[in-house]
Every structure is written in C-alpha cells, then in structure tokens.
file upload-v5.txt (compact mmCIF, C-alpha atoms)
# COMPACT_ATOMS: atom_id res chain seq x y z
CA MET E 1 108.67 130.01 74.17
CA GLU E 2 106.35 130.13 77.16
CA VAL E 3 106.21 127.15 79.47
CA GLU E 4 102.45 126.86 79.00
CA ALA E 5 102.74 126.67 75.22
CA ALA E 6 105.55 124.12 75.46
CA LYS E 7 103.41 122.01 77.80
CA LEU E 8 100.54 121.97 75.34
CA ILE E 9 102.84 121.02 72.46
CA GLY E 10 104.43 118.28 74.57
CA ALA E 11 101.06 116.83 75.53
CA GLY E 12 100.01 116.80 71.90
CA LEU E 13 103.21 115.07 70.83
CA ALA E 14 102.75 112.42 73.51
CA THR E 15 99.60 111.19 71.80
CA ILE E 16 101.62 109.99 68.79
CA ALA E 17 102.19 106.81 70.83
CA LEU E 18 98.53 105.90 70.33
CA ALA E 19 99.33 104.89 66.72
CA GLY E 20 101.37 101.92 67.92
CA ALA E 21 98.71 100.94 70.43
CA GLY E 22 96.05 101.06 67.72
CA ILE E 23 98.08 98.79 65.45
CA GLY E 24 98.68 96.39 68.33
CA ILE E 25 95.03 96.10 69.34
CA GLY E 26 93.96 95.64 65.72
CA ASN E 27 96.61 92.94 65.38
CA ILE E 28 95.25 90.99 68.35
CA PHE E 29 91.68 90.93 67.15
CA ALA E 30 92.68 90.32 63.52
CA SER E 31 94.63 87.22 64.50
CA TYR E 32 91.78 86.09 66.78
CA VAL E 33 89.24 86.43 63.98
CA SER E 34 91.41 84.59 61.45
CA ALA E 35 92.16 81.83 63.97
CA ALA E 36 88.48 81.56 64.93
CA ILE E 37 87.46 81.17 61.30
CA ARG E 38 89.96 78.34 60.88
CA ASN E 39 89.01 76.51 64.09
CA PRO E 40 85.63 77.70 65.34
CA SER E 41 85.28 75.09 68.07
CA ALA E 42 88.48 76.21 69.81
CA ALA E 43 87.62 79.90 69.62
CA PRO E 44 85.87 80.31 73.02
CA LYS E 45 88.79 78.67 74.77
CA VAL E 46 91.28 81.29 73.62
CA PHE E 47 89.00 84.31 74.08
CA GLY E 48 90.30 84.84 77.59
CA ASN E 49 93.80 85.32 76.18
CA VAL E 50 92.37 87.78 73.65
CA LEU E 51 90.94 89.94 76.40
CA LEU E 52 94.19 89.75 78.35
CA GLY E 53 96.20 90.78 75.29
CA PHE E 54 93.82 93.62 74.58
CA ALA E 55 94.10 94.98 78.11
CA LEU E 56 97.89 94.72 78.14
CA THR E 57 98.16 96.57 74.82
CA GLU E 58 95.69 99.21 75.93
CA ALA E 59 97.87 99.77 78.98
CA ILE E 60 100.62 101.02 76.66
CA ALA E 61 98.19 103.56 75.23
CA LEU E 62 97.33 104.63 78.74
CA PHE E 63 100.99 105.03 79.64
CA ALA E 64 101.18 107.55 76.81
CA LEU E 65 98.08 109.29 78.19
CA LEU E 66 99.74 109.39 81.58
CA ILE E 67 102.86 111.05 80.12
CA ALA E 68 100.61 113.62 78.45
CA PHE E 69 98.89 114.33 81.77
CA LEU E 70 102.23 114.52 83.58
CA ILE E 71 103.54 117.02 81.06
CA LEU E 72 100.38 119.10 81.27
CA PHE E 73 99.78 119.13 84.98
CA ALA E 74 102.85 118.06 86.88
CA PHE E 75 105.66 120.16 85.39
CA MET B 76 74.96 128.25 85.01
CA ALA B 77 76.90 126.72 87.89
CA ALA B 78 80.62 127.38 88.00
CA ASN B 79 82.54 124.97 85.76
CA LYS B 80 84.89 123.04 87.98
CA GLY B 81 86.59 121.06 85.25
CA PRO B 82 86.61 117.35 84.49
CA LEU B 83 89.21 116.49 87.13
CA HIS B 84 87.13 117.79 90.02
CA GLN B 85 85.38 114.43 90.38
CA PHE B 86 88.59 112.82 91.67
CA GLU B 87 89.03 115.19 94.59
CA ILE B 88 89.11 113.61 98.01
CA SER B 89 86.97 115.30 100.62
CA SER B 90 86.81 114.13 104.19
CA PHE B 91 83.57 113.82 106.09
CA TYR B 92 85.19 113.88 109.49
CA ASP B 93 88.80 114.85 110.16
CA ILE B 94 90.65 112.34 112.30
CA SER B 95 94.32 112.88 113.03
CA PHE B 96 96.45 110.29 114.80
CA GLU B 97 100.02 111.23 115.84
CA GLY B 98 100.26 113.62 112.92
CA PHE B 99 98.88 111.12 110.38
CA ASP B 100 95.67 112.08 108.60
CA ILE B 101 93.35 109.10 108.85
CA SER B 102 90.10 110.94 108.31
CA PHE B 103 87.08 109.18 106.86
CA THR B 104 86.96 110.38 103.26
CA ASN B 105 84.56 109.90 100.36
CA SER B 106 87.01 107.32 99.00
CA ALA B 107 86.76 105.35 102.25
CA LEU B 108 82.97 105.61 102.21
CA SER B 109 82.87 104.28 98.67
CA MET B 110 85.09 101.36 99.68
CA VAL B 111 82.81 100.56 102.62
CA ILE B 112 79.76 100.68 100.34
CA SER B 113 81.25 98.34 97.74
CA ILE B 114 82.50 95.84 100.33
CA PHE B 115 79.10 95.93 102.05
CA ILE B 116 77.25 95.28 98.80
CA ALA B 117 79.63 92.47 97.83
CA SER B 118 79.29 90.86 101.26
CA VAL B 119 75.49 91.08 101.18
CA ILE B 120 75.31 89.54 97.72
CA PHE B 121 77.59 86.66 98.60
CA TYR B 122 76.04 86.05 102.00
CA LEU B 123 72.48 85.95 100.69
CA GLY B 124 73.53 83.86 97.72
CA SER B 125 75.21 81.16 99.74
CA LYS B 126 72.91 81.09 102.75
CA LYS B 127 70.48 78.54 101.38
CA ASN B 128 72.53 75.82 99.68
CA SER B 129 69.72 74.17 97.79
CA ASN B 130 70.30 71.61 95.06
CA THR B 131 68.02 73.60 92.79
CA PRO B 132 69.60 77.01 93.19
CA GLY B 133 67.78 80.26 92.67
CA ARG B 134 69.24 83.06 90.59
CA LEU B 135 71.35 84.65 93.31
CA GLN B 136 72.89 81.34 94.32
CA VAL B 137 73.69 80.60 90.68
CA LEU B 138 75.35 84.00 90.39
CA VAL B 139 77.47 83.40 93.49
CA GLU B 140 78.42 79.89 92.40
CA MET B 141 79.31 81.08 88.90
CA SER B 142 81.64 83.75 90.18
CA TYR B 143 83.23 81.24 92.57
CA ASP B 144 83.73 78.84 89.66
CA PHE B 145 85.13 81.56 87.44
CA ILE B 146 87.84 82.57 89.92
CA ALA B 147 88.51 78.96 90.98
CA ASN B 148 89.12 77.99 87.35
CA MET B 149 91.31 81.03 86.85
CA VAL B 150 93.43 80.16 89.86
CA ARG B 151 93.63 76.48 88.93
CA ASP B 152 94.61 77.17 85.34
CA ASN B 153 97.03 80.00 85.91
CA VAL B 154 98.65 79.37 89.28
CA GLY B 155 98.73 75.61 88.86
CA SER B 156 99.58 73.32 91.72
CA GLY B 157 99.91 74.91 95.14
CA GLY B 158 97.62 77.72 94.13
CA LYS B 159 94.60 76.64 96.13
CA VAL B 160 95.93 78.44 99.23
CA PHE B 161 95.75 81.74 97.43
CA PHE B 162 92.19 81.38 96.22
CA PRO B 163 90.52 83.43 99.01
CA PHE B 164 92.94 86.28 98.46
CA ILE B 165 92.52 86.27 94.68
CA PHE B 166 88.74 86.12 95.09
CA THR B 167 88.74 89.06 97.49
CA LEU B 168 91.07 91.03 95.24
CA PHE B 169 88.90 90.41 92.18
CA LEU B 170 85.69 91.40 93.95
CA PHE B 171 87.25 94.50 95.52
CA ILE B 172 88.43 95.80 92.16
CA LEU B 173 85.30 94.67 90.31
CA PHE B 174 82.85 96.29 92.68
CA GLY B 175 85.02 99.38 92.92
CA ASN B 176 85.16 99.83 89.17
CA VAL B 177 81.53 98.98 88.44
CA LEU B 178 80.02 100.92 91.35
CA GLY B 179 82.12 103.88 90.24
CA MET B 180 79.95 104.01 87.13
CA VAL B 181 76.93 104.81 89.31
CA PRO B 182 76.34 108.58 89.10
CA TYR B 183 77.66 110.64 91.99
CA ASN B 184 79.57 107.66 93.38
CA PHE B 185 83.32 107.86 93.90
CA THR B 186 85.64 105.50 92.00
CA TYR B 187 88.28 104.60 94.53
CA THR B 188 90.34 102.65 91.97
CA SER B 189 90.90 105.85 90.03
CA HIS B 190 93.55 106.95 92.51
CA ILE B 191 97.10 105.76 91.97
CA ILE B 192 97.64 105.41 95.71
CA VAL B 193 94.90 102.78 95.99
CA THR B 194 96.00 100.78 92.96
CA PHE B 195 99.67 101.12 93.83
CA GLY B 196 98.90 99.98 97.36
CA LEU B 197 97.30 96.83 95.96
CA ALA B 198 99.97 96.20 93.30
CA GLY B 199 102.90 97.01 95.58
CA PHE B 200 101.57 94.69 98.27
CA ILE B 201 101.09 91.90 95.73
CA PHE B 202 104.58 92.42 94.28
CA ILE B 203 106.25 92.27 97.70
CA ALA B 204 104.14 89.28 98.74
CA VAL B 205 104.88 87.35 95.53
CA THR B 206 108.62 88.09 95.81
CA PHE B 207 108.63 86.88 99.41
CA ILE B 208 106.69 83.75 98.48
CA GLY B 209 109.23 83.01 95.76
CA LEU B 210 112.18 83.67 98.07
CA ILE B 211 110.75 81.57 100.87
CA LYS B 212 109.85 78.66 98.61
CA HIS B 213 113.03 78.55 96.53
CA GLY B 214 115.59 80.29 98.69
CA ILE B 215 118.44 81.99 96.90
CA SER B 216 117.83 79.97 93.75
CA PHE B 217 114.86 82.28 93.15
CA LEU B 218 117.42 84.38 91.31
CA LYS B 219 117.48 81.69 88.63
CA PHE B 220 114.19 83.23 87.52
CA PHE B 221 116.14 86.06 85.91
CA VAL B 222 118.19 83.66 83.79
CA PRO B 223 115.92 82.17 81.14
CA SER B 224 116.83 78.68 80.01
CA GLY B 225 118.33 78.03 76.62
CA VAL B 226 120.05 81.40 76.26
CA PRO B 227 123.66 81.45 74.94
CA TYR B 228 126.13 82.69 77.55
CA ALA B 229 127.21 85.67 75.45
CA LEU B 230 123.77 87.24 75.69
CA LEU B 231 123.40 86.88 79.45
CA PRO B 232 125.07 90.19 80.53
CA ILE B 233 122.52 92.04 78.42
CA LEU B 234 119.53 89.82 79.16
CA ILE B 235 119.76 89.61 82.95
CA PRO B 236 119.48 93.41 83.59
CA ILE B 237 116.56 93.54 81.15
CA GLU B 238 114.86 90.69 83.02
CA ILE B 239 115.45 92.36 86.38
CA ILE B 240 114.14 95.70 85.17
CA SER B 241 111.06 94.13 83.64
CA TYR B 242 110.43 92.30 86.93
CA PHE B 243 110.57 95.50 88.93
CA VAL B 244 108.35 97.31 86.44
CA ARG B 245 105.56 94.82 87.23
CA PRO B 246 103.93 96.66 90.17
CA ILE B 247 104.20 99.95 88.30
CA SER B 248 102.53 98.62 85.16
CA LEU B 249 99.90 96.71 87.15
CA SER B 250 98.85 99.74 89.19
CA LEU B 251 99.19 102.17 86.30
CA ARG B 252 96.99 100.12 83.99
CA LEU B 253 94.04 100.09 86.39
CA PHE B 254 94.49 103.70 87.52
CA ALA B 255 94.89 105.13 84.02
CA ASN B 256 91.93 103.17 82.64
CA MET B 257 89.62 104.35 85.40
CA MET B 258 90.80 107.96 85.47
CA ALA B 259 90.86 108.37 81.69
CA GLY B 260 87.43 106.77 81.33
CA HIS B 261 85.76 108.97 83.88
CA THR B 262 87.51 112.12 82.65
CA MET B 263 86.43 111.38 79.09
CA LEU B 264 82.84 110.85 80.18
CA LYS B 265 82.89 114.14 82.09
CA VAL B 266 84.33 116.05 79.12
CA PHE B 267 81.75 114.69 76.68
CA ALA B 268 78.98 115.29 79.19
CA SER B 269 80.01 118.93 79.39
CA PHE B 270 79.62 119.12 75.62
CA ILE B 271 75.96 118.12 76.02
CA VAL B 272 75.37 121.09 78.30
CA LEU B 273 77.31 123.43 76.07
CA LEU B 274 75.52 122.44 72.86
CA GLY B 275 72.12 122.82 74.49
CA PHE B 276 68.83 121.26 73.45
CA LEU B 277 69.26 121.36 69.68
CA GLY B 278 72.78 120.06 69.28
CA GLY B 279 73.06 118.06 72.47
CA TRP B 280 71.80 114.77 71.09
CA ALA B 281 75.12 113.99 69.34
CA PRO B 282 77.32 114.08 72.44
CA LEU B 283 74.46 112.43 74.35
CA SER B 284 74.53 109.34 72.14
CA LEU B 285 78.31 109.30 72.39
CA VAL B 286 78.12 109.46 76.20
CA ILE B 287 75.60 106.59 76.22
CA ILE B 288 77.88 104.43 74.06
CA LEU B 289 80.94 105.39 76.12
CA THR B 290 79.16 104.55 79.38
CA GLY B 291 78.46 101.05 78.08
CA PHE B 292 82.07 100.78 76.95
CA GLU B 293 83.31 101.97 80.33
CA ILE B 294 81.27 99.32 82.15
CA MET B 295 82.91 96.69 79.94
CA ILE B 296 86.33 98.20 80.65
CA ALA B 297 85.54 98.17 84.39
CA VAL B 298 84.88 94.42 84.37
CA LEU B 299 87.77 93.73 82.00
CA GLN B 300 90.31 95.65 84.08
CA ALA B 301 89.31 93.73 87.21
CA TYR B 302 89.74 90.47 85.28
CA VAL B 303 93.13 91.54 83.87
CA PHE B 304 94.46 92.67 87.26
CA THR B 305 93.45 89.38 88.83
CA ILE B 306 94.78 87.17 86.06
CA LEU B 307 98.11 89.00 86.04
CA CYS B 308 98.40 88.44 89.79
CA CYS B 309 97.73 84.74 89.18
CA LEU B 310 100.46 84.68 86.51
CA TYR B 311 102.94 86.42 88.81
CA LEU B 312 102.13 83.91 91.54
CA ASN B 313 102.75 81.13 89.02
CA ASP B 314 106.14 82.66 88.22
CA ALA B 315 107.07 82.77 91.88
CA LEU B 316 105.85 79.29 92.73
CA HIS B 317 107.15 77.52 89.62
CA LEU B 318 110.25 79.28 88.40
CA HIS B 319 110.10 78.84 84.67
CA HIS B 320 109.35 81.47 82.08

call {"tool": "encode", "arguments": {"input": "upload-v5.txt", "output": "structure tokens"}}
result
Amino acid sequence: MEVEAAKLIGAGLATIALAGAGIGIGNIFASYVSAAIRNPSAAPKVFGNVLLGFALTEAIALFALLIAFLILFAF
Amino acid sequence: MAANKGPLHQFEISSFYDISFEGFDISFTNSALSMVISIFIASVIFYLGSKKNSNTPGRLQVLVEMSYDFIANMVRDNVGSGGKVFFPFIFTLFLFILFGNVLGMVPYNFTYTSHIIVTFGLAGFIFIAVTFIGLIKHGISFLKFFVPSGVPYALLPILIPIEIISYFVRPISLSLRLFANMMAGHTMLKVFASFIVLLGFLGGWAPLSLVIILTGFEIMIAVLQAYVFTILCCLYLNDALHLHH
C-alpha cells in the first residue's frame, strides 16, 4: 500500500475518538440540566465548573484531531 | 481565480524585518506584530478605564472593574490563601490569551496562540514556575503530592507512577488544548469559507450561514479557552501551595 493512502486511512481512523468525546460532552450538559432543574437557585454557581468540564473534555477530542494531523502531515 | 494556497497557509510566519543575533533568528514577525497589537489594545483599554476613578463609573470603568473582579474572584476561590501574590500574573496571562484569541478572529489578523511554540512557552513556564514554588514552599515533602491520602499500601507502586506521569503531562495538555482549539477553529473556518467561493452565487448561501454560525461559536471558544487556561493555572498553583488532592 502506498504511504499516502495509508496516511489518509490513518487520519480517518483517528477520528473514531470523537465518539467518546461526544458522549462525554453530552454527559456534562445532561447532568448540568438535570441538576439545574432540581435546584434552580444553585445553577449559576456551578456553571463555571460546567464550562471547565466542557473545555477539558473537548481537549480530548482535539488530541485526536492532533493525532490525525500528525499522521497526515508529519510522517 | 487566485492560486489556492490551502487552509494552513494562514498560520505561516513571515518576518517583516530580518534580525539575526549570534546566529539566533529574532526577526520581527507577523506573530510578534500581532502580540504587540493585542498588548497595546489591552493596555489602552485598562489605562483609560482606570484613569478616572469616579464613584459613578462610566461604561469603560465598569468593564475594567468587572474584569478585575472576575479574575480576583477566580484567584481567591481557586488558589485560596497565599494566592493574592499571583494575581497580577494570572491577570496578565488571562488578558494575553484572551486578547490573542479574540483579536485573532478579526479578519486578516494573525492568531499568535495558534502556534504550539507560543502556548507551550506559556504552559512550560507556568509548569516550571509552579513546580519551583511547590519545592521552595514545602521542600522535599513536595513529593508527598504524588501519594494521595487514604490509599492502601498495596496500590501505591501502581498509583505513584501514574500520578507522576499525569503531573508531567500537565504542560503538554495545557498547551495542546489552547493550540489545537485555535488552529482547528481557524482551519475549519478557512475550509468552509473556501466552499462559499467554490459553490458560487447560487449555492454559496449554505456554507455562508454555516461560516457565520461557526464564527460566533469560535468567538465563544476563544473566550472559553482563555478562561480554562487561566483557571487550570490557578488550580495547579493551588496544588503546589496546598499539597492535597
């Protein structure tokens, strides 16, 4: 198999990691919504943690993107 | 049509004036110019906002005071006691990344935080500084940080290497998060913008609406990534100053 074709297949396979990141981000906001419905007055206080959790989980998705870019352009 | 240079062309560094010192290339590049612009704008905003400390503040003074409050509360809540000394640094760090990210959304401006060397310079410096602060404050018992309390002794040979590795991954993940967010965002915008040109007048409205939505999303991501970088630095400082997990 040519190197170029293998690179493209590798980059495509690296995006499978986005499934886990999607589940994680959905999990954060689902638990925030259900907690906010139970205790609406405390919801603004915890929103900062929600944003932090979202950014940390999105970082995992971006690590996968980085691997895809590395496979495509650096090898 | 102009030659298609690809979506990654926007990240290329070009120097305005080549300066070489003892074999090191310290020329003034477009990245450096963009940094100077964002620091200048931040300084002007904060100088003009705090010049006239009136008891009935105008809009700019309210903006400046609100951002001061925001970072002061963040430092107080997350670094805890002994964190007041680090407030100027955290404030500068937050504004540097915020203005870099947000001004990078201006068309034809360069996003200096989209280069791993800039973000790794920031994150590496913070990692080394936080480790030194912890070592100076606690001495050799800083190593107790890697041994969480309440763990049975049998698990320690597995847990301590994991703790050490996850500690050393911190600068990598910190820098990579900001760099990958900025680079991926701008690359995605460039790719979808090229679709507008390719689809022409009739079909171009679909990618145009997508680009508009994505630009708004990217501005939110720009602010959010600055906030996340800063709050993670506050948390790492908290770990170094008060050694409990």

call {"tool": "atom_distance", "arguments": {"input": "upload-v5.txt", "atom1": "atom CA of B:Thr186", "atom2": "atom CA of B:Glu87"}}
result
10.6 Å

call {"tool": "interface_residues", "arguments": {"input": "upload-v5.txt", "of": "chain B", "to": "chain E", "cutoff": "6 Å", "atoms": "only C-alpha atoms", "output": "VMD selection string"}}
result
chain B and resid 252 255 303

call {"tool": "residues_around", "arguments": {"input": "upload-v5.txt", "residues": "E:Glu4", "least_positions_apart": "5", "cutoff": "12 Å", "atoms": "only C-alpha atoms", "output": "ChimeraX atom specification"}}
result
/E:9-11,71-75

call {"tool": "atom_distance", "arguments": {"input": "upload-v5.txt", "atom1": "atom CA of B:Leu234", "atom2": "atom CA of B:Leu197"}}
result
28.7 Å

call {"tool": "axis_aligned_box", "arguments": {"input": "upload-v5.txt", "around": "stretch 128-147 of chain B", "padding_each_side": "3 Å", "output": "lines of an AutoDock Vina configuration file"}}
result
center_x = 78.1
center_y = 78.1
center_z = 93.6
size_x = 26.7
size_y = 19.0
size_z = 18.2

call {"tool": "residues_around", "arguments": {"input": "upload-v5.txt", "residues": "B:Phe171", "least_positions_apart": "3", "cutoff": "8 Å", "atoms": "only C-alpha atoms", "output": "list of chain:residue names"}}
result
B:Ser113, B:Ile114, B:Thr167, B:Leu168, B:Phe174, B:Gly175

call {"tool": "atom_distance", "arguments": {"input": "upload-v5.txt", "atom1": "atom CA of B:Ser248", "atom2": "atom CA of B:Ile112"}}
result
27.4 Å

call {"tool": "residues_around", "arguments": {"input": "upload-v5.txt", "residues": "stretch 97-109 of chain B", "least_positions_apart": "4", "cutoff": "8 Å", "atoms": "all atoms listed in the file", "output": "ChimeraX atom specification"}}
result
/B:88-93,113,175,184-187

call {"tool": "residues_around", "arguments": {"input": "upload-v5.txt", "residues": "E:Val50", "least_positions_apart": "4", "cutoff": "8 Å", "atoms": "all atoms listed in the file", "output": "list in words"}}
result
Ile28, Phe29, Tyr32, Val46 and Phe54 of chain E

call {"tool": "build_atoms", "arguments": {"input": "upload-v5.txt", "residues": "stretch 5-16 of chain E", "atoms": "all heavy atoms", "output": "PDB file, keeping the file's coordinate frame"}}
result
ATOM      1  N   ALA E   5     102.850 127.114  76.615  1.00  0.00           N
ATOM      2  CA  ALA E   5     102.740 126.670  75.220  1.00  0.00           C
ATOM      3  C   ALA E   5     103.533 125.389  75.010  1.00  0.00           C
ATOM      4  O   ALA E   5     103.086 124.466  74.313  1.00  0.00           O
ATOM      5  CB  ALA E   5     103.251 127.774  74.291  1.00  0.00           C
ATOM      6  N   ALA E   6     104.729 125.321  75.620  1.00  0.00           N
ATOM      7  CA  ALA E   6     105.550 124.120  75.460  1.00  0.00           C
ATOM      8  C   ALA E   6     104.851 122.909  76.066  1.00  0.00           C
ATOM      9  O   ALA E   6     104.931 121.802  75.531  1.00  0.00           O
ATOM     10  CB  ALA E   6     106.913 124.333  76.129  1.00  0.00           C
ATOM     11  N   LYS E   7     104.138 123.124  77.189  1.00  0.00           N
ATOM     12  CA  LYS E   7     103.410 122.010  77.800  1.00  0.00           C
ATOM     13  C   LYS E   7     102.344 121.478  76.860  1.00  0.00           C
ATOM     14  O   LYS E   7     102.173 120.273  76.713  1.00  0.00           O
ATOM     15  CB  LYS E   7     102.734 122.475  79.092  1.00  0.00           C
ATOM     16  CG  LYS E   7     103.608 122.524  80.289  1.00  0.00           C
ATOM     17  CD  LYS E   7     102.754 122.791  81.500  1.00  0.00           C
ATOM     18  CE  LYS E   7     103.620 123.213  82.649  1.00  0.00           C
ATOM     19  NZ  LYS E   7     102.832 123.494  83.839  1.00  0.00           N
ATOM     20  N   LEU E   8     101.620 122.417  76.226  1.00  0.00           N
ATOM     21  CA  LEU E   8     100.540 121.970  75.340  1.00  0.00           C
ATOM     22  C   LEU E   8     101.107 121.222  74.141  1.00  0.00           C
ATOM     23  O   LEU E   8     100.573 120.194  73.717  1.00  0.00           O
ATOM     24  CB  LEU E   8      99.722 123.179  74.883  1.00  0.00           C
ATOM     25  CG  LEU E   8      98.936 123.856  75.986  1.00  0.00           C
ATOM     26  CD1 LEU E   8      98.305 125.126  75.465  1.00  0.00           C
ATOM     27  CD2 LEU E   8      97.871 122.941  76.523  1.00  0.00           C
ATOM     28  N   ILE E   9     102.230 121.721  73.591  1.00  0.00           N
ATOM     29  CA  ILE E   9     102.840 121.020  72.460  1.00  0.00           C
ATOM     30  C   ILE E   9     103.322 119.647  72.901  1.00  0.00           C
ATOM     31  O   ILE E   9     103.144 118.637  72.205  1.00  0.00           O
ATOM     32  CB  ILE E   9     103.998 121.858  71.875  1.00  0.00           C
ATOM     33  CG1 ILE E   9     103.457 123.144  71.261  1.00  0.00           C
ATOM     34  CG2 ILE E   9     104.765 121.072  70.840  1.00  0.00           C
ATOM     35  CD1 ILE E   9     104.519 124.037  70.711  1.00  0.00           C
ATOM     36  N   GLY E  10     103.940 119.568  74.077  1.00  0.00           N
ATOM     37  CA  GLY E  10     104.430 118.280  74.570  1.00  0.00           C
ATOM     38  C   GLY E  10     103.302 117.279  74.759  1.00  0.00           C
ATOM     39  O   GLY E  10     103.421 116.102  74.394  1.00  0.00           O
ATOM     40  N   ALA E  11     102.185 117.745  75.327  1.00  0.00           N
ATOM     41  CA  ALA E  11     101.060 116.830  75.530  1.00  0.00           C
ATOM     42  C   ALA E  11     100.511 116.355  74.197  1.00  0.00           C
ATOM     43  O   ALA E  11     100.142 115.181  74.042  1.00  0.00           O
ATOM     44  CB  ALA E  11      99.966 117.517  76.339  1.00  0.00           C
ATOM     45  N   GLY E  12     100.471 117.219  73.208  1.00  0.00           N
ATOM     46  CA  GLY E  12     100.010 116.800  71.900  1.00  0.00           C
ATOM     47  C   GLY E  12     100.926 115.782  71.257  1.00  0.00           C
ATOM     48  O   GLY E  12     100.505 114.817  70.644  1.00  0.00           O
ATOM     49  N   LEU E  13     102.248 116.013  71.419  1.00  0.00           N
ATOM     50  CA  LEU E  13     103.210 115.070  70.830  1.00  0.00           C
ATOM     51  C   LEU E  13     103.131 113.713  71.512  1.00  0.00           C
ATOM     52  O   LEU E  13     103.394 112.686  70.875  1.00  0.00           O
ATOM     53  CB  LEU E  13     104.630 115.636  70.959  1.00  0.00           C
ATOM     54  CG  LEU E  13     105.009 116.748  70.000  1.00  0.00           C
ATOM     55  CD1 LEU E  13     106.393 117.269  70.325  1.00  0.00           C
ATOM     56  CD2 LEU E  13     104.963 116.252  68.588  1.00  0.00           C
ATOM     57  N   ALA E  14     102.783 113.705  72.802  1.00  0.00           N
ATOM     58  CA  ALA E  14     102.750 112.420  73.510  1.00  0.00           C
ATOM     59  C   ALA E  14     101.674 111.501  72.965  1.00  0.00           C
ATOM     60  O   ALA E  14     101.759 110.287  73.127  1.00  0.00           O
ATOM     61  CB  ALA E  14     102.527 112.655  75.003  1.00  0.00           C
ATOM     62  N   THR E  15     100.662 112.066  72.303  1.00  0.00           N
ATOM     63  CA  THR E  15      99.600 111.190  71.800  1.00  0.00           C
ATOM     64  C   THR E  15      99.978 110.470  70.519  1.00  0.00           C
ATOM     65  O   THR E  15      99.195 109.685  70.007  1.00  0.00           O
ATOM     66  CB  THR E  15      98.315 111.993  71.545  1.00  0.00           C
ATOM     67  OG1 THR E  15      98.572 112.941  70.524  1.00  0.00           O
ATOM     68  CG2 THR E  15      97.872 112.706  72.785  1.00  0.00           C
ATOM     69  N   ILE E  16     101.188 110.725  69.977  1.00  0.00           N
ATOM     70  CA  ILE E  16     101.620 109.990  68.790  1.00  0.00           C
ATOM     71  C   ILE E  16     101.750 108.511  69.135  1.00  0.00           C
ATOM     72  O   ILE E  16     101.586 107.639  68.285  1.00  0.00           O
ATOM     73  CB  ILE E  16     102.969 110.547  68.276  1.00  0.00           C
ATOM     74  CG1 ILE E  16     102.782 111.988  67.829  1.00  0.00           C
ATOM     75  CG2 ILE E  16     103.495 109.731  67.137  1.00  0.00           C
ATOM     76  CD1 ILE E  16     104.063 112.629  67.365  1.00  0.00           C
TER      77      ILE E  16
END
